[in-house]
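Here's run_33.csv, which has CSV, C-alpha atoms and all ligand atoms:
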```csv
chain,number,residue,atom,x,y,z
A,251,MET,CA,0.0,0.0,0.0
A,252,ILE,CA,1.3,3.5,-0.9
A,253,PRO,CA,0.2,5.6,2.2
A,254,PHE,CA,-1.3,9.0,1.7
A,255,ASN,CA,1.1,10.5,4.3
A,256,LYS,CA,4.2,9.5,6.1
A,257,ALA,CA,5.8,11.9,8.6
A,258,PHE,CA,9.4,12.8,7.7
A,259,VAL,CA,12.0,12.7,10.5
A,260,THR,CA,15.4,14.3,10.2
A,261,ASN,CA,17.2,11.9,12.6
A,262,ARG,CA,18.1,14.8,14.9
A,263,GLU,CA,14.8,14.8,16.8
A,264,LEU,CA,15.8,12.1,19.4
A,265,GLY,CA,19.2,13.8,20.1
A,266,TYR,CA,17.5,17.2,20.8
A,267,ILE,CA,14.8,15.5,23.0
A,268,ALA,CA,17.7,13.9,25.0
A,269,GLU,CA,19.3,17.3,25.3
A,270,ALA,CA,16.0,18.8,26.6
A,271,TYR,CA,15.7,16.0,29.1
A,272,GLY,CA,19.3,16.7,30.2
A,273,ASN,CA,18.5,20.4,30.6
A,274,ALA,CA,15.9,19.3,33.2
A,275,HIS,CA,13.5,21.9,31.8
A,276,LEU,CA,10.5,20.0,30.5
A,277,SER,CA,7.7,22.5,30.7
A,278,GLY,CA,7.3,25.2,28.0
A,279,ASP,CA,9.5,28.2,27.0
A,280,GLY,CA,12.9,26.6,27.5
A,281,ALA,CA,15.9,26.8,25.2
A,282,PHE,CA,14.4,24.8,22.4
A,283,THR,CA,11.2,26.9,22.3
A,284,LYS,CA,13.3,30.0,22.2
A,285,GLN,CA,15.3,28.7,19.2
A,286,CYS,CA,12.0,27.9,17.4
A,287,HIS,CA,10.7,31.4,18.2
A,288,GLY,CA,13.9,33.0,16.8
A,289,TRP,CA,13.7,30.9,13.7
A,290,LEU,CA,10.0,31.7,13.1
A,291,GLU,CA,10.5,35.5,13.7
A,292,ALA,CA,13.5,35.5,11.3
A,293,GLN,CA,11.7,33.5,8.7
A,294,THR,CA,8.4,35.5,8.8
A,295,GLY,CA,9.5,39.0,9.9
A,296,VAL,CA,6.8,39.3,12.5
A,297,SER,CA,7.4,41.1,15.8
A,298,LYS,CA,6.4,38.0,17.9
A,299,ALA,CA,6.2,34.3,17.1
A,300,LEU,CA,4.9,32.0,19.9
A,301,LEU,CA,4.7,28.2,19.8
A,302,THR,CA,1.4,26.7,20.6
A,303,HIS,CA,0.2,23.1,21.1
A,304,SER,CA,-1.7,23.3,17.8
A,305,CYS,CA,-2.8,25.6,15.0
A,306,THR,CA,-6.3,25.4,16.6
A,307,ALA,CA,-4.9,26.9,19.8
A,308,ALA,CA,-3.2,29.7,17.7
A,309,LEU,CA,-6.5,30.5,16.0
A,310,GLU,CA,-8.2,30.7,19.4
A,311,MET,CA,-5.5,33.1,20.6
A,312,ALA,CA,-5.9,35.2,17.5
A,313,ALA,CA,-9.7,35.4,18.1
A,314,MET,CA,-9.1,36.6,21.7
A,315,LEU,CA,-6.4,39.1,20.6
A,316,ALA,CA,-8.7,40.4,17.9
A,317,GLY,CA,-11.3,41.2,20.6
A,318,ILE,CA,-13.9,39.1,18.8
A,319,GLY,CA,-17.1,38.9,20.9
A,320,PRO,CA,-20.7,37.8,20.7
A,321,GLY,CA,-22.6,38.8,17.5
A,322,ASP,CA,-19.4,39.8,15.7
A,323,GLU,CA,-19.1,38.4,12.2
A,324,VAL,CA,-15.9,36.9,10.6
A,325,ILE,CA,-15.7,36.2,6.9
A,326,MET,CA,-14.0,33.0,5.9
A,327,PRO,CA,-14.2,30.2,3.3
A,328,SER,CA,-16.5,27.2,4.0
A,329,TYR,CA,-14.0,25.0,2.3
A,330,THR,CA,-11.6,24.7,5.3
A,331,PHE,CA,-10.9,22.8,8.5
A,332,VAL,CA,-13.3,23.2,11.4
A,333,SER,CA,-10.8,25.1,13.6
A,334,THR,CA,-10.9,28.1,11.3
A,335,ALA,CA,-14.5,28.6,12.3
A,336,ASN,CA,-14.5,27.1,15.8
A,337,ALA,CA,-12.0,29.6,17.2
A,338,PHE,CA,-14.4,32.4,16.5
A,339,VAL,CA,-17.6,30.5,17.4
A,340,LEU,CA,-16.0,29.9,20.9
A,341,ARG,CA,-16.0,33.7,21.3
A,342,GLY,CA,-19.7,33.9,20.3
A,343,ALA,CA,-19.0,35.2,16.8
A,344,VAL,CA,-20.8,34.1,13.6
A,345,PRO,CA,-18.7,32.7,10.8
A,346,VAL,CA,-19.9,34.1,7.4
A,347,PHE,CA,-19.0,31.7,4.7
A,348,VAL,CA,-18.0,33.0,1.3
A,349,ASP,CA,-17.4,30.9,-1.9
A,350,ILE,CA,-13.9,30.0,-3.1
A,351,ARG,CA,-12.1,30.5,-6.4
A,352,PRO,CA,-12.2,27.5,-8.8
A,353,ASP,CA,-8.5,27.8,-9.6
A,354,THR,CA,-6.9,27.8,-6.1
A,355,CYS,CA,-9.8,26.7,-3.9
A,356,ASN,CA,-9.0,29.8,-1.8
A,357,LEU,CA,-11.4,32.5,-0.6
A,358,ASP,CA,-12.7,34.4,-3.6
A,359,GLU,CA,-11.5,37.9,-2.9
A,360,THR,CA,-14.0,39.4,-5.3
A,361,LEU,CA,-16.9,38.2,-3.2
A,362,VAL,CA,-15.7,39.4,0.2
A,363,GLU,CA,-16.7,43.0,0.1
A,364,ALA,CA,-20.3,42.3,-0.5
A,365,ALA,CA,-20.4,40.0,2.6
A,366,ILE,CA,-19.3,42.9,4.9
A,367,THR,CA,-21.9,44.2,7.4
A,368,PRO,CA,-21.7,46.6,10.3
A,369,ARG,CA,-20.9,43.6,12.5
A,370,THR,CA,-18.0,42.3,10.5
A,371,ARG,CA,-14.7,42.4,12.4
A,372,ALA,CA,-12.2,40.2,10.6
A,373,ILE,CA,-11.4,38.3,7.4
A,374,VAL,CA,-9.8,34.9,7.7
A,375,PRO,CA,-8.1,33.8,4.5
A,376,VAL,CA,-7.0,30.1,4.4
A,377,HIS,CA,-4.0,29.4,2.2
A,378,TYR,CA,-5.2,26.1,0.8
A,379,ALA,CA,-2.5,23.6,-0.2
A,380,GLY,CA,0.1,26.2,0.7
A,381,VAL,CA,-0.9,28.4,-2.2
A,382,ALA,CA,-1.5,32.0,-1.2
A,383,CYS,CA,-4.8,33.8,-1.2
A,384,GLU,CA,-5.0,37.1,-3.1
A,385,MET,CA,-3.6,39.0,-0.2
A,386,ASN,CA,-3.1,42.4,-1.9
A,387,ALA,CA,-6.9,42.6,-2.6
A,388,LEU,CA,-7.8,41.3,0.9
A,389,GLN,CA,-5.5,43.7,2.6
A,390,ASP,CA,-7.0,46.6,0.6
A,391,ILE,CA,-10.5,45.5,1.6
A,392,ALA,CA,-9.5,45.1,5.3
A,393,ARG,CA,-7.9,48.6,5.4
A,394,ARG,CA,-10.8,50.3,3.7
A,395,HIS,CA,-13.3,48.7,6.1
A,396,ASN,CA,-11.1,48.7,9.2
A,397,LEU,CA,-11.2,44.9,9.6
A,398,LEU,CA,-8.5,42.6,11.0
A,399,LEU,CA,-6.8,40.1,8.7
A,400,ILE,CA,-6.1,36.8,10.3
A,401,GLU,CA,-4.3,34.3,8.1
A,402,ASP,CA,-5.0,30.6,8.6
A,403,ALA,CA,-1.6,29.6,7.3
A,404,ALA,CA,-1.8,26.1,8.8
A,405,GLN,CA,-0.7,24.7,5.4
A,406,GLY,CA,1.5,27.6,4.5
A,407,VAL,CA,4.9,27.2,6.2
A,408,MET,CA,7.7,28.2,3.9
A,409,ALA,CA,5.3,29.5,1.2
A,410,ARG,CA,5.3,33.1,-0.1
A,411,TYR,CA,3.1,35.6,-1.8
A,412,HIS,CA,5.0,38.2,-3.9
A,413,GLY,CA,8.0,37.6,-1.7
A,414,ARG,CA,6.1,37.9,1.6
A,415,VAL,CA,6.0,34.9,3.8
A,416,LEU,CA,2.5,33.4,4.4
A,417,GLY,CA,1.4,33.9,8.0
A,418,GLY,CA,3.4,37.1,8.3
A,419,ILE,CA,1.2,39.3,6.1
A,420,GLY,CA,-2.0,39.8,8.1
A,421,ASP,CA,-2.4,41.2,11.6
A,422,PHE,CA,-2.1,37.6,12.9
A,423,GLY,CA,-1.1,34.4,11.3
A,424,THR,CA,-1.2,30.7,12.4
A,425,TYR,CA,0.9,27.7,11.5
A,426,SER,CA,0.2,24.0,12.1
A,427,PHE,CA,3.0,21.5,12.9
A,428,HIS,CA,0.5,18.5,13.0
A,429,GLU,CA,1.8,15.2,11.7
A,430,THR,CA,0.0,15.8,8.4
A,431,LYS,CA,1.8,19.1,7.7
A,432,ASN,CA,5.1,19.7,5.9
A,433,VAL,CA,7.1,20.5,9.1
A,434,THR,CA,5.9,18.6,12.2
A,435,CYS,CA,6.2,17.8,15.8
A,436,GLY,CA,3.2,15.5,16.0
A,437,GLU,CA,0.8,18.1,17.4
A,438,GLY,CA,1.9,21.7,17.4
A,439,GLY,CA,1.5,25.1,16.0
A,440,ALA,CA,2.5,28.8,16.2
A,441,LEU,CA,0.9,32.2,16.4
A,442,LEU,CA,2.5,35.0,14.5
A,443,VAL,CA,1.8,38.5,15.7
A,444,ASN,CA,2.6,41.3,13.3
A,445,ALA,CA,1.8,44.5,15.3
A,446,PRO,CA,4.2,45.0,18.3
A,447,ALA,CA,1.2,46.4,20.2
A,448,HIS,CA,-0.4,42.9,20.4
A,449,ALA,CA,2.8,41.1,21.3
A,450,GLN,CA,2.7,41.4,25.1
A,451,ARG,CA,-1.0,40.5,25.3
A,452,ALA,CA,-0.3,37.4,23.1
A,453,GLU,CA,2.3,36.2,25.7
A,454,ILE,CA,-0.2,36.8,28.5
A,455,ILE,CA,-3.1,34.9,26.8
A,456,ARG,CA,-0.8,32.0,26.1
A,457,GLU,CA,0.4,31.8,29.8
A,458,LYS,CA,-3.1,31.4,31.4
A,459,GLY,CA,-3.7,35.1,31.5
A,460,THR,CA,-0.7,35.8,33.7
A,461,ASN,CA,2.4,38.0,33.1
A,462,ARG,CA,4.7,35.0,33.8
A,463,SER,CA,6.8,35.7,30.6
A,464,GLN,CA,7.6,39.2,31.8
A,465,PHE,CA,8.5,37.7,35.3
A,466,PHE,CA,10.9,35.2,33.7
A,467,ARG,CA,12.6,38.1,31.8
A,468,GLY,CA,12.9,40.0,35.1
A,469,GLN,CA,10.6,42.8,33.9
A,470,VAL,CA,8.2,42.4,36.9
A,471,ASP,CA,9.1,41.1,40.4
A,472,LYS,CA,6.1,38.7,40.7
A,473,TYR,CA,3.6,37.3,38.3
A,474,THR,CA,-0.1,37.4,38.6
A,475,TRP,CA,-3.4,37.0,36.8
A,476,VAL,CA,-3.8,40.1,34.5
A,477,ASP,CA,-6.1,39.0,31.6
A,478,VAL,CA,-8.1,36.2,30.1
A,479,GLY,CA,-6.1,33.3,28.8
A,480,SER,CA,-5.5,29.6,28.8
A,481,SER,CA,-2.6,27.1,28.5
A,482,TYR,CA,-1.5,27.2,24.9
A,483,LEU,CA,2.2,26.4,25.1
A,484,PRO,CA,3.9,23.1,24.2
A,485,GLY,CA,6.4,21.4,26.5
A,486,GLU,CA,10.1,21.4,25.7
A,487,LEU,CA,10.2,17.8,24.4
A,488,VAL,CA,7.8,18.8,21.6
A,489,ALA,CA,9.8,22.0,20.9
A,490,ALA,CA,13.0,20.0,20.7
A,491,PHE,CA,11.4,17.7,18.1
A,492,LEU,CA,10.2,20.7,16.1
A,493,TRP,CA,13.6,22.4,16.2
A,494,ALA,CA,15.1,19.5,14.3
A,495,GLN,CA,12.4,19.9,11.7
A,496,LEU,CA,12.6,23.7,11.4
A,497,GLN,CA,16.3,23.4,10.7
A,498,GLU,CA,15.5,21.2,7.7
A,499,ALA,CA,12.4,23.2,6.6
A,500,ALA,CA,14.1,24.3,3.4
A,501,SER,CA,15.2,20.9,2.3
A,502,ILE,CA,11.9,19.3,3.2
A,503,THR,CA,10.2,21.9,1.0
A,504,ASP,CA,12.6,21.3,-1.9
A,505,ALA,CA,12.0,17.6,-1.7
A,506,ARG,CA,8.2,18.0,-1.7
A,507,LEU,CA,8.4,20.5,-4.6
A,508,ALA,CA,10.3,17.9,-6.7
A,509,ILE,CA,7.5,15.3,-6.0
A,510,TRP,CA,4.8,17.9,-6.7
A,511,ALA,CA,6.5,18.9,-10.0
A,512,ARG,CA,6.7,15.2,-11.1
A,513,TYR,CA,2.9,14.7,-10.5
A,514,HIS,CA,2.2,17.9,-12.3
A,515,ALA,CA,4.1,16.9,-15.4
A,516,SER,CA,2.9,13.4,-15.5
A,517,LEU,CA,-0.8,14.3,-15.0
A,518,ALA,CA,-0.8,16.9,-17.9
A,519,PRO,CA,-2.1,14.3,-20.4
A,520,LEU,CA,-5.1,13.4,-18.2
A,521,GLU,CA,-6.0,17.1,-17.9
A,522,ALA,CA,-5.6,17.6,-21.7
A,523,ALA,CA,-8.0,14.7,-22.1
A,524,GLY,CA,-10.6,16.5,-20.0
A,525,LEU,CA,-10.6,13.9,-17.2
A,526,LEU,CA,-9.4,16.1,-14.4
A,527,ARG,CA,-8.0,19.5,-13.5
A,528,ARG,CA,-4.6,20.0,-12.0
A,529,PRO,CA,-3.8,22.7,-9.3
A,530,THR,CA,-3.2,26.3,-10.5
A,531,ILE,CA,-0.3,28.4,-9.0
A,532,PRO,CA,-1.0,32.1,-9.7
A,533,ALA,CA,1.8,34.4,-10.6
A,534,GLY,CA,3.6,35.7,-7.6
A,535,CYS,CA,2.8,32.6,-5.5
A,536,GLU,CA,5.7,30.4,-4.3
A,537,HIS,CA,3.9,27.4,-2.8
A,538,ASN,CA,5.4,24.8,-0.5
A,539,ALA,CA,4.0,21.6,-2.1
A,540,HIS,CA,1.9,20.9,0.9
A,541,MET,CA,-0.6,18.9,-1.2
A,542,TYR,CA,-1.1,17.5,-4.7
A,543,TYR,CA,-4.8,17.4,-5.5
A,544,VAL,CA,-6.8,16.9,-8.7
A,545,VAL,CA,-10.4,17.9,-9.4
A,546,LEU,CA,-12.1,15.1,-11.3
A,547,ALA,CA,-14.3,15.9,-14.2
A,548,PRO,CA,-18.1,15.9,-13.3
A,549,GLN,CA,-18.8,12.6,-15.0
A,550,PHE,CA,-16.8,10.5,-12.5
A,551,ASP,CA,-18.1,9.1,-9.2
A,552,ARG,CA,-15.3,10.1,-6.8
A,553,GLN,CA,-15.9,7.3,-4.3
A,554,GLN,CA,-15.6,4.8,-7.1
A,555,VAL,CA,-12.3,6.3,-8.2
A,556,LEU,CA,-10.9,6.3,-4.6
A,557,THR,CA,-12.1,2.6,-4.2
A,558,SER,CA,-10.3,1.6,-7.4
A,559,LEU,CA,-7.2,3.3,-6.3
A,560,ARG,CA,-7.4,1.6,-2.9
A,561,ALA,CA,-7.8,-1.8,-4.6
A,562,ALA,CA,-4.7,-1.0,-6.6
A,563,GLY,CA,-2.8,-0.3,-3.3
A,564,ILE,CA,-2.9,3.5,-3.3
A,565,ASN,CA,-4.3,5.5,-0.5
A,566,ALA,CA,-5.7,8.7,-2.1
A,567,VAL,CA,-8.2,10.7,0.0
A,568,PHE,CA,-10.9,13.4,-0.4
A,569,HIS,CA,-10.9,16.5,1.7
A,570,TYR,CA,-13.2,18.9,3.5
A,571,VAL,CA,-16.9,18.5,4.0
A,572,PRO,CA,-17.8,22.2,3.5
A,573,LEU,CA,-18.5,23.9,6.9
A,574,HIS,CA,-21.7,25.5,5.7
A,575,SER,CA,-23.2,22.1,5.1
A,576,ALA,CA,-22.0,20.6,8.4
A,577,PRO,CA,-24.4,20.4,11.4
A,578,ALA,CA,-22.4,22.9,13.5
A,579,GLY,CA,-21.8,25.1,10.5
A,580,ARG,CA,-25.5,25.4,9.9
A,581,GLN,CA,-26.1,26.1,13.7
A,582,PHE,CA,-23.4,28.7,14.2
A,583,GLY,CA,-22.6,30.2,10.8
A,584,ARG,CA,-24.3,31.6,7.8
A,585,VAL,CA,-23.6,31.7,4.1
A,586,HIS,CA,-23.2,34.8,2.0
A,587,GLY,CA,-24.1,34.2,-1.6
A,588,ALA,CA,-23.9,31.0,-3.6
A,589,MET,CA,-21.6,28.2,-2.6
A,590,ASP,CA,-21.4,26.6,-6.1
A,591,VAL,CA,-17.6,26.3,-6.4
A,592,THR,CA,-17.3,25.1,-2.8
A,593,ASP,CA,-19.9,22.4,-3.3
A,594,ALA,CA,-18.5,21.3,-6.7
A,595,VAL,CA,-14.8,21.2,-5.6
A,596,SER,CA,-15.5,19.5,-2.3
A,597,GLU,CA,-17.4,16.7,-4.1
A,598,ARG,CA,-14.8,16.2,-6.9
A,599,LEU,CA,-11.4,16.8,-5.3
A,600,ILE,CA,-8.9,14.0,-4.4
A,601,ARG,CA,-5.5,14.3,-2.8
A,602,LEU,CA,-2.7,12.0,-3.9
A,603,PRO,CA,0.1,10.6,-1.7
A,604,LEU,CA,2.8,13.2,-1.2
A,605,TRP,CA,5.6,12.8,1.4
A,606,VAL,CA,9.3,13.0,1.6
A,607,GLY,CA,10.7,9.6,0.5
A,608,LEU,CA,7.9,8.8,-2.0
A,609,THR,CA,9.8,7.3,-4.9
A,610,GLU,CA,9.6,8.0,-8.6
A,611,ALA,CA,8.4,4.4,-9.1
A,612,GLN,CA,5.6,4.9,-6.5
A,613,GLN,CA,4.5,8.1,-8.2
A,614,HIS,CA,4.5,6.5,-11.6
A,615,GLU,CA,2.2,3.8,-10.1
A,616,VAL,CA,-0.1,6.4,-8.6
A,617,VAL,CA,-0.4,8.2,-12.0
A,618,THR,CA,-0.9,5.0,-13.9
A,619,GLN,CA,-3.6,3.7,-11.6
A,620,LEU,CA,-5.4,7.1,-11.6
A,621,GLY,CA,-5.4,7.0,-15.4
A,622,ALA,CA,-6.8,3.4,-15.3
A,623,ALA,CA,-9.5,4.4,-12.8
A,624,LEU,CA,-10.6,7.2,-15.2
A,625,ALA,CA,-10.4,5.1,-18.4
B,701,LIG,C1,-4.3,21.4,9.8
B,701,LIG,C2,-5.2,22.6,9.8
B,701,LIG,C3,-5.7,23.3,11.0
B,701,LIG,C4,-5.5,22.7,12.3
B,701,LIG,O1,-4.2,22.5,12.7
B,701,LIG,P1,-4.0,21.7,14.1
B,701,LIG,O2,-2.5,22.0,14.3
B,701,LIG,O3,-4.2,20.3,13.9
B,701,LIG,O4,-4.8,22.4,15.1
B,701,LIG,C5,-6.4,24.4,10.8
B,701,LIG,N1,-6.7,25.0,9.6
B,701,LIG,C6,-6.2,24.4,8.5
B,701,LIG,C7,-6.5,25.1,7.2
B,701,LIG,C8,-5.5,23.2,8.5
B,701,LIG,O5,-5.1,22.6,7.4
```
Would you write out, as structure tokens, the structure that this file holds?
Ligand SMILES: *Cc1c(COP(=O)(O)O)cnc(C)c1O
Amino acid sequence: MIPFNKAFVTNRELGYIAEAYGNAHLSGDGAFTKQCHGWLEAQTGVSKALLTHSCTAALEMAAMLAGIGPGDEVIMPSYTFVSTANAFVLRGAVPVFVDIRPDTCNLDETLVEAAITPRTRAIVPVHYAGVACEMNALQDIARRHNLLLIEDAAQGVMARYHGRVLGGIGDFGTYSFHETKNVTCGEGGALLVNAPAHAQRAEIIREKGTNRSQFFRGQVDKYTWVDVGSSYLPGELVAAFLWAQLQEAASITDARLAIWARYHASLAPLEAAGLLRRPTIPAGCEHNAHMYYVVLAPQFDRQQVLTSLRAAGINAVFHYVPLHSAPAGRQFGRVHGAMDVTDAVSERLIRLPLWVGLTEAQQHEVVTQLGAALA
């Protein structure tokens, strides 16, 4: 069986974990966490990067920092992971789902402005498959309407938009280091804070609403409860694992891009035959090969195609059930406009195996079997 995903390890993880153990500092914000923060700040250019135990946690922090409250509205795609919406629903806000672009499966920036109401507080673009949303247009809309821009860059580590690093463009950005993402520590994430004015409060919210971070830096002589917050930081063993991966982030991305490019070249004939559509990478987007997906032509039954692939030893998978059609999405959110592209893409998209170590022979098999399933 060719698995859909296989987490890559660099072989330095266990050494760093042993080092963290030797440092006798196992809770959060030790030496390895600081190295990860430094790397993330250098890579993204934000004023503050903070490791979290998941991208979900980082999104929850962003919602608190943005001051989102009951009745506020937040514009986002429906074609995304549940955490994008849940983070705001937890604050009593209403996710307003807008359709996606057919080429990138990203929030359709031309539909956003019409969804704005007096209650709208933020726009949450999701960089699907590590391909950037149209951030110039979204930033322009956010500025003109005085809205916050919160990037769900869970899939966007190491990807860029006109030279700018995803996650570092909006007011806040979030990364995921879940096992299924390019750079991983099992479960993990990061919050990126662009405006220095939010940096201190971000530390406080992450440390249970206390000013413990300032205390550790010697800036206050005791620490106390100063704000709302929760426990959002990972322990040092997790940070040690992640540090090994961040050091290899460039080579991991290069290896994935090579695999992505091979799929893209070998699937061109199936696209030319009208059997499927390959991903589009708009000009100015440097993606990170987080995913290789194809959108099947409407005449195919996707489940049958996935079943045929599985019978041939290939684990290809579908992706999101649109949030607007999910029970909680219907309860907590609302739709603005038609969801035709979201509905069509979500019913026809399949993701192919893509992981560092996937061989050319295995890729050839995936492409051959996909062609056979569509014959
Ligand atoms: C993976 C993912 C998340 C959640 O990440 P966790 O680290 O598992 O919390 C959120 N949003 C998107 C778009 C994702 O792909």
Between CA of Arg598 in chain A and CA of Ala365 in chain A - distance in Å to one decimal = 26.2 Å
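Each of A:Val595, A:Cys383, A:Thr503, A:Glu453 was compared to Phe466 in chain A using all atoms listed in the file, and A:Glu453 turns out to be the nearest.
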Find the residues around Thr460 in chain A up to 8 Å (all atoms listed in the file counted), leave out those fewer than 5 positions away in its own chain, and share them as a ChimeraX atom specification.
-> /A:454-455,473-477,479
Dump the neighbourhood of ligand LIG 701 (chain B) as a PDB file with C-alpha atoms, in the coordinates of the input: all residues within 7 Å, distances computed on only C-alpha atoms and all ligand atoms.
```
ATOM      1  CA  SER A 304      -1.700  23.300  17.800  1.00  0.00           C
ATOM      2  CA  CYS A 305      -2.800  25.600  15.000  1.00  0.00           C
ATOM      3  CA  THR A 306      -6.300  25.400  16.600  1.00  0.00           C
ATOM      4  CA  ALA A 307      -4.900  26.900  19.800  1.00  0.00           C
ATOM      5  CA  THR A 330     -11.600  24.700   5.300  1.00  0.00           C
ATOM      6  CA  PHE A 331     -10.900  22.800   8.500  1.00  0.00           C
ATOM      7  CA  SER A 333     -10.800  25.100  13.600  1.00  0.00           C
ATOM      8  CA  THR A 334     -10.900  28.100  11.300  1.00  0.00           C
ATOM      9  CA  VAL A 376      -7.000  30.100   4.400  1.00  0.00           C
ATOM     10  CA  TYR A 378      -5.200  26.100   0.800  1.00  0.00           C
ATOM     11  CA  ASP A 402      -5.000  30.600   8.600  1.00  0.00           C
ATOM     12  CA  ALA A 403      -1.600  29.600   7.300  1.00  0.00           C
ATOM     13  CA  ALA A 404      -1.800  26.100   8.800  1.00  0.00           C
ATOM     14  CA  GLN A 405      -0.700  24.700   5.400  1.00  0.00           C
ATOM     15  CA  SER A 426       0.200  24.000  12.100  1.00  0.00           C
ATOM     16  CA  PHE A 427       3.000  21.500  12.900  1.00  0.00           C
ATOM     17  CA  HIS A 428       0.500  18.500  13.000  1.00  0.00           C
ATOM     18  CA  LYS A 431       1.800  19.100   7.700  1.00  0.00           C
ATOM     19  CA  GLU A 437       0.800  18.100  17.400  1.00  0.00           C
ATOM     20  CA  GLY A 438       1.900  21.700  17.400  1.00  0.00           C
ATOM     21  CA  GLY A 439       1.500  25.100  16.000  1.00  0.00           C
TER      22      GLY A 439
END
```
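Restricting the calculation to only C-alpha atoms, the smallest distance between Met589 in chain A and any of A:Gly321, A:Pro253, A:Gly563, A:Pro327 is found for A:Pro327.
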Spatial neighbours of range 521-537 of chain A, max dist 6 Å, all atoms listed in the file, sep filter under 5 positions, as a tab-separated table (two decimals) with C-alpha atoms, in the coordinates of the input:
```tsv
chain	number	residue	atom	x	y	z
A	353	ASP	CA	-8.50	27.80	-9.60
A	354	THR	CA	-6.90	27.80	-6.10
A	380	GLY	CA	0.10	26.20	0.70
A	381	VAL	CA	-0.90	28.40	-2.20
A	409	ALA	CA	5.30	29.50	1.20
A	410	ARG	CA	5.30	33.10	-0.10
A	411	TYR	CA	3.10	35.60	-1.80
A	412	HIS	CA	5.00	38.20	-3.90
A	544	VAL	CA	-6.80	16.90	-8.70
A	545	VAL	CA	-10.40	17.90	-9.40
A	546	LEU	CA	-12.10	15.10	-11.30
A	547	ALA	CA	-14.30	15.90	-14.20
```
Fewer than 6 positions away in the same chain doesn't count, so skip those; otherwise give me all residues within 10 Å of Leu604 in chain A, counting all atoms listed in the file, as an mmCIF file with C-alpha atoms, in the coordinates of the input.
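New file selection_36.cif:
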```
data_model
loop_
_atom_site.group_PDB
_atom_site.id
_atom_site.type_symbol
_atom_site.label_atom_id
_atom_site.label_comp_id
_atom_site.auth_asym_id
_atom_site.auth_seq_id
_atom_site.Cartn_x
_atom_site.Cartn_y
_atom_site.Cartn_z
ATOM 1 C CA ILE A 252 1.300 3.500 -0.900
ATOM 2 C CA PRO A 253 0.200 5.600 2.200
ATOM 3 C CA PHE A 254 -1.300 9.000 1.700
ATOM 4 C CA ASN A 255 1.100 10.500 4.300
ATOM 5 C CA LYS A 256 4.200 9.500 6.100
ATOM 6 C CA ASN A 432 5.100 19.700 5.900
ATOM 7 C CA ARG A 506 8.200 18.000 -1.700
ATOM 8 C CA LEU A 507 8.400 20.500 -4.600
ATOM 9 C CA ILE A 509 7.500 15.300 -6.000
ATOM 10 C CA TRP A 510 4.800 17.900 -6.700
ATOM 11 C CA TYR A 513 2.900 14.700 -10.500
ATOM 12 C CA ALA A 539 4.000 21.600 -2.100
ATOM 13 C CA HIS A 540 1.900 20.900 0.900
ATOM 14 C CA MET A 541 -0.600 18.900 -1.200
ATOM 15 C CA TYR A 542 -1.100 17.500 -4.700
ATOM 16 C CA TYR A 543 -4.800 17.400 -5.500
ATOM 17 C CA ALA A 566 -5.700 8.700 -2.100
ATOM 18 C CA GLN A 613 4.500 8.100 -8.200
#
```
Residues near range 295-297 of chain A, cut-off 7 Å, all atoms listed in the file, skip fewer than 4 positions along chain, as an MDAnalysis selection string | chainID A and resid 291 418 442:446
All residues 10 Å or closer to Ala281 in chain A, all atoms listed in the file, same chain fewer than 6 positions away omitted, as a list in words = Ala270, Asn273, His275, His287, Glu486, Ala489 and Ala490 of chain A
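In terms of minimum interatomic distance to Trp493 in chain A, A:Gly265 ranks closest within A:Gly265, A:Pro352, A:Gly607, A:Gly417, counting all atoms listed in the file.
CA of Ala452 in chain A sits 11.5 Å away from CA of Leu483 in chain A.
As for CA of Asp390 in chain A and CA of His586 in chain A, they are spaced 20.1 Å apart.
Shortest atom-to-atom contact with Phe422 in chain A among A:Thr294, A:Thr360, A:Asn386, A:Thr557: A:Thr294, counting only C-alpha atoms.
With all atoms listed in the file as the basis for measurement, A:Asn538 is the residue among A:Leu517, A:Val591, A:Leu315, A:Asn538 that approaches Asp504 in chain A most closely.
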Dump as an MDAnalysis selection string all residues having an atom at most 7 Å from (1.5, 32.9, 15.2), computed in the file's coordinates with only C-alpha atoms.
-> chainID A and resid 299:300 308 422:425 440:443
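Closest approach to Arg462 in chain A among A:Asp279, A:Ala312, A:Ala392, A:Pro345: A:Asp279, based on only C-alpha atoms.
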